[in-house]
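Single-structure report; data block below.
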Amino acid sequence: MKVMVDGYNIALSRGTGVATYGRVFLKAAHALGHETHLLFGEEDDGSKNMLTRRAGRVLDFATAPFGFKAHRVDVSDFSQSRDIACPPTDAIWNRPRLFRAAKRAFRQTGTFVPVHVPGVDIAHWTYPLPLFVPGAKNIYTIHDIVPLKFPWMIKNGVEEYRRICNGISQRADHILTVSNCSREDIIAEFNISGEKVTNTYQAFDLDGLAECSGIPEGDFIGRQGLPDKGYFLFFGAIEPKKNVGRLLDAFEGSGVKTPLVVVAAGGWSCEAEQKRLAELAQMPGGRVRLLQYLSRRDLVELIRHAKATIFPSLYEGFGLPVLESMALGTAVIVSHTSALPEVAGEAGWLVDPHSVESIRQAICAVDTEDAKRVQLERKGLEQALLFSNEAYHQRLAEVFGSLFSQSR
């Protein structure tokens, strides 16, 4: 079969969990023997002029009801000219402004826009997008419905997200998600049959982590002056659901001498937390270290050598940092809410994310009880195997098989 995946997140200059999900889905589809294609919506070189862009938007809106036509492009030239880290794929297609144009049309008309890519059997939209490929089985991944359950946690676009997800619930051939928690949320929110939603769990690039782990020991953490298993770690966006304020309260209240390293990969609506982090990072003694966005290679080394990853999020549809930490042999302190206990299993030190005292106690315990920490590390490695490539491939093969058995 020919399986197409959107490049909406893969094209971003800084990787996201959804970009990782898309890359691993492509690898899995290829491993299952299918031909894999990527669809982008990147601008042409000649579209940088303001007048040209305006004319393009007008043409996009007029064309949208009839559908956009994608064109096949050279894989190496396309990825190099746009500095996109394209995963191995059999073909790349592009239609300038595709994703933006589809969203604009959806805002005006409330309808999904067709995009024509010849010969596609399965079109997988890894993020809620108002697009479909005519003649293909269109499957959509809704990672979670955090914007709908907790709109205050989201910067903008909540109502549009709701409308697109509602459209997906009605028109999708199938919906994928990444945890049983998210699956139950989606079924309840949109009142759809459970048979239409499958939890494949988060796609996880174990091979990619292994490749990044082959760097010389102590290269990055040595330059940072960080000892092996001698620091706590938080990495991710500084956004409302990540609960960074309570994490800092708990860490300061713990009194531990082990430093906390925070890798702040962007964020929004958390100006107070950002300011506090910056102030703590400038204080003498270095108990809080603040790092900005890191390369994948450096982040992997930082995770591997941490005493524990602290992830007291208020809500997660999955929680990829927890799985990545366990797979790299690092203990995790994690919330007892949403999908996080499902991911961590018995390998996580579970805390109440609303309780500073609960988080503080966990930090103190993991800091002093080495035997318990080592036990969590061992259990984490075992838990991570439940999310292996083999297990993911099997779940995906079952989804593909069910799509076409239903149409016979």
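Chain labels A, B, ... are given in the sequence in which chains occur in the structure tokens; within each chain residues are numbered consecutively from 1, and ligands are likewise numbered from 1 in the order shown.
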
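The protein and nucleic acid residues lying at most 9 Å from Leu32 of chain A are Lys27, His393, Leu396 and Ala397 of chain A, with only C-alpha atoms considered and sequence neighbours fewer than 5 positions away removed.
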
Quiz item: Can you tell me, as a list in words, what residues are no more than 6 Å from segment 338-350 of chain A when counting only C-alpha atoms, ignoring any on the same chain fewer than 5 positions away?
Solution: Cys181, Tyr315, Glu316, Gly317, Phe318, Val332, Ile333, Leu376, Lys379 and Gly380 of chain A

For C-alpha atoms, I'd like the residues from the last selection saved as an mmCIF file, in the first residue's frame.
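What landed in out_8.cif:
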```
data_model
loop_
_atom_site.group_PDB
_atom_site.id
_atom_site.type_symbol
_atom_site.label_atom_id
_atom_site.label_comp_id
_atom_site.auth_asym_id
_atom_site.auth_seq_id
_atom_site.Cartn_x
_atom_site.Cartn_y
_atom_site.Cartn_z
ATOM 1 C CA CYS A 181 -6.870 8.083 28.850
ATOM 2 C CA TYR A 315 -2.524 16.813 32.467
ATOM 3 C CA GLU A 316 -0.948 14.877 29.583
ATOM 4 C CA GLY A 317 -2.393 12.853 26.758
ATOM 5 C CA PHE A 318 0.777 10.764 26.930
ATOM 6 C CA VAL A 332 11.048 9.579 36.905
ATOM 7 C CA ILE A 333 9.017 11.600 39.406
ATOM 8 C CA LEU A 376 13.095 2.841 39.625
ATOM 9 C CA LYS A 379 11.764 -0.831 36.359
ATOM 10 C CA GLY A 380 11.805 2.073 33.915
#
```

Self-check item: Long-range neighbours of Gln361 of chain A as an MDAnalysis selection string, 9 Å cut-off, only C-alpha atoms, 4 positions minimum in chain
Solution: chainID A and resid 250 254 351 356:357 365:366

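Atom pair atom CA of Lys149 of chain A / atom CA of Gln292 of chain A: separated by 29.3 Å.
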
Quiz prompt | Secondary structure check, strand (DSSP E or B) residues of segment 334-365 of chain A, as a PyMOL selection string | solution = chain A and resi 334-335+348-351

Counting only C-alpha atoms, which residues in segment 14-37 of chain A sit no more than 9 Å from segment 73-87 of chain A? For each one, give the nearest pair of atoms and the distance in Å, sorted by chain then residue number, as a Markdown table.
```
| residue | atom | partner | partner_atom | distance |
| --- | --- | --- | --- | --- |
| A:Arg23 | CA | A:Pro87 | CA | 6.0 |
| A:Val24 | CA | A:Pro87 | CA | 8.7 |
| A:Leu26 | CA | A:Pro87 | CA | 7.7 |
| A:Lys27 | CA | A:Pro87 | CA | 7.9 |
```

Could you save those same residues with N, CA, C and O atoms as a tab-separated table (two decimals), in the first residue's frame?
```
chain	number	residue	atom	x	y	z
A	23	ARG	N	7.54	10.95	12.34
A	23	ARG	CA	8.73	10.25	11.82
A	23	ARG	C	8.68	8.76	12.12
A	23	ARG	O	8.99	7.93	11.28
A	24	VAL	N	8.29	8.43	13.36
A	24	VAL	CA	8.27	7.02	13.74
A	24	VAL	C	7.13	6.28	13.03
A	24	VAL	O	7.26	5.11	12.67
A	26	LEU	N	6.17	6.90	9.99
A	26	LEU	CA	6.71	6.62	8.66
A	26	LEU	C	7.65	5.41	8.69
A	26	LEU	O	7.58	4.54	7.82
A	27	LYS	N	8.53	5.38	9.69
A	27	LYS	CA	9.45	4.25	9.81
A	27	LYS	C	8.69	2.94	9.99
A	27	LYS	O	9.03	1.90	9.41
```

Self-check item: Selection: 7 Å around Ala306 of chain A, only C-alpha atoms, excl. self and same-chain fewer than 4 positions, as number ranges by chain
Solution: A: 228-233, 302, 330

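Taking atom CA of Lys275 of chain A and atom CA of Asp249 of chain A as the two end points, the separation is 14.0 Å.
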
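Coordinates place atom CA of Pro240 of chain A at a distance of 22.9 Å from atom CA of Ile164 of chain A.
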
Practice problem: Mind the document's chain letters and residue numbers, and return as a PyMOL selection string the residues of segment 189-399 of chain A that DSSP labels alpha helix (DSSP H). | Solution: chain A and resi 189-190+206-212+219-224+244-254+271-282+296-304+320-327+340-344+356-368+370-384+389-399

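Remark: for Tyr127 of chain A, the closest of the candidate residues A:Val18, A:Ala265, A:Ala64, A:Val399 is A:Val18 (distances computed over only C-alpha atoms).
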
Closest contacts (segment 269-374 of chain A/segment 241-248 of chain A, max 8 Å, only C-alpha atoms) as a Markdown table:
```
| residue | atom | partner | partner_atom | distance |
| --- | --- | --- | --- | --- |
| A:Glu273 | CA | A:Gly245 | CA | 5.9 |
| A:Phe311 | CA | A:Lys242 | CA | 7.5 |
| A:Pro312 | CA | A:Asn243 | CA | 6.3 |
| A:Ser313 | CA | A:Lys242 | CA | 4.3 |
| A:Leu314 | CA | A:Lys241 | CA | 5.1 |
| A:Tyr315 | CA | A:Lys241 | CA | 6.1 |
| A:Pro353 | CA | A:Asn243 | CA | 7.4 |
| A:His354 | CA | A:Arg246 | CA | 7.7 |
| A:Ser355 | CA | A:Arg246 | CA | 7.7 |
| A:Val356 | CA | A:Arg246 | CA | 5.6 |
| A:Ile359 | CA | A:Leu247 | CA | 7.0 |
```

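Counting only C-alpha atoms and comparing A:Val113, A:Ala11, A:Cys364, A:Met4, the residue that lies closest to Gly255 of chain A is A:Cys364.
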
Self-check item: Contact residues around Phe61 of chain A with only C-alpha atoms at 9 Å, ignoring same-chain residues under 6 positions, as number ranges by chain
Solution: A: 101-102, 104-105

What lies within 9 Å of Asp44 of chain A using only C-alpha atoms, ignoring chain neighbours under 6 positions off, as a compact mmCIF listing (two decimals) with N, CA and C atoms, in the first residue's frame?
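selection.txt written:
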```
# COMPACT_ATOMS: atom_id res chain seq x y z
N ARG A 95 2.69 21.26 -1.68
CA ARG A 95 1.74 22.22 -2.24
C ARG A 95 1.90 23.49 -1.41
N PRO A 96 2.44 24.57 -2.02
CA PRO A 96 2.71 25.77 -1.25
C PRO A 96 1.51 26.24 -0.44
N ARG A 97 1.79 26.62 0.81
CA ARG A 97 0.80 27.19 1.74
C ARG A 97 -0.33 26.22 2.07
```

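Distance annotation: of A:Leu226, A:Ala237, A:Ala327, A:Ala384, the residue with the minimal separation from Arg287 of chain A is A:Leu226; atom set is only C-alpha atoms.
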
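The closest residue to His71 of chain A, picked from A:Ala19, A:Tyr161, A:Val117, A:Arg54 and counting only C-alpha atoms, is A:Val117.
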
Self-check item: Close residues, Thr111 of chain A itself excluded, 9 Å, only C-alpha atoms, min 6 positions apart in chain, as JSON, numbers by chain
Solution: {"A": [65, 105, 130, 131, 167]}

Could the residues in this selection be saved with all heavy atoms as a compact mmCIF listing (two decimals), in the first residue's frame?
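Writing done, so here's result00.txt:
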```
# COMPACT_ATOMS: atom_id res chain seq x y z
N PRO A 65 -12.43 24.93 -2.56
CA PRO A 65 -13.57 24.02 -2.71
C PRO A 65 -13.32 22.89 -3.71
O PRO A 65 -13.92 21.81 -3.59
CB PRO A 65 -14.70 24.94 -3.19
CG PRO A 65 -14.30 26.30 -2.73
CD PRO A 65 -12.81 26.32 -2.84
N ALA A 105 -9.51 28.44 4.79
CA ALA A 105 -10.76 28.02 4.15
C ALA A 105 -11.72 27.43 5.17
O ALA A 105 -12.93 27.68 5.13
CB ALA A 105 -10.47 27.02 3.04
N PRO A 130 -7.74 20.29 8.77
CA PRO A 130 -8.99 20.19 7.99
C PRO A 130 -8.72 19.81 6.54
O PRO A 130 -9.10 20.52 5.61
CB PRO A 130 -9.58 21.60 8.12
CG PRO A 130 -8.38 22.49 8.22
CD PRO A 130 -7.34 21.70 8.99
N LEU A 131 -8.08 18.67 6.34
CA LEU A 131 -7.69 18.20 5.01
C LEU A 131 -8.05 16.73 4.85
O LEU A 131 -8.17 16.00 5.83
CB LEU A 131 -6.17 18.36 4.82
CG LEU A 131 -5.64 19.78 4.55
CD1 LEU A 131 -4.17 19.87 4.90
CD2 LEU A 131 -5.87 20.18 3.10
N GLY A 167 -15.16 17.91 13.31
CA GLY A 167 -15.23 17.46 11.92
C GLY A 167 -14.56 16.12 11.72
O GLY A 167 -15.07 15.25 10.99
```
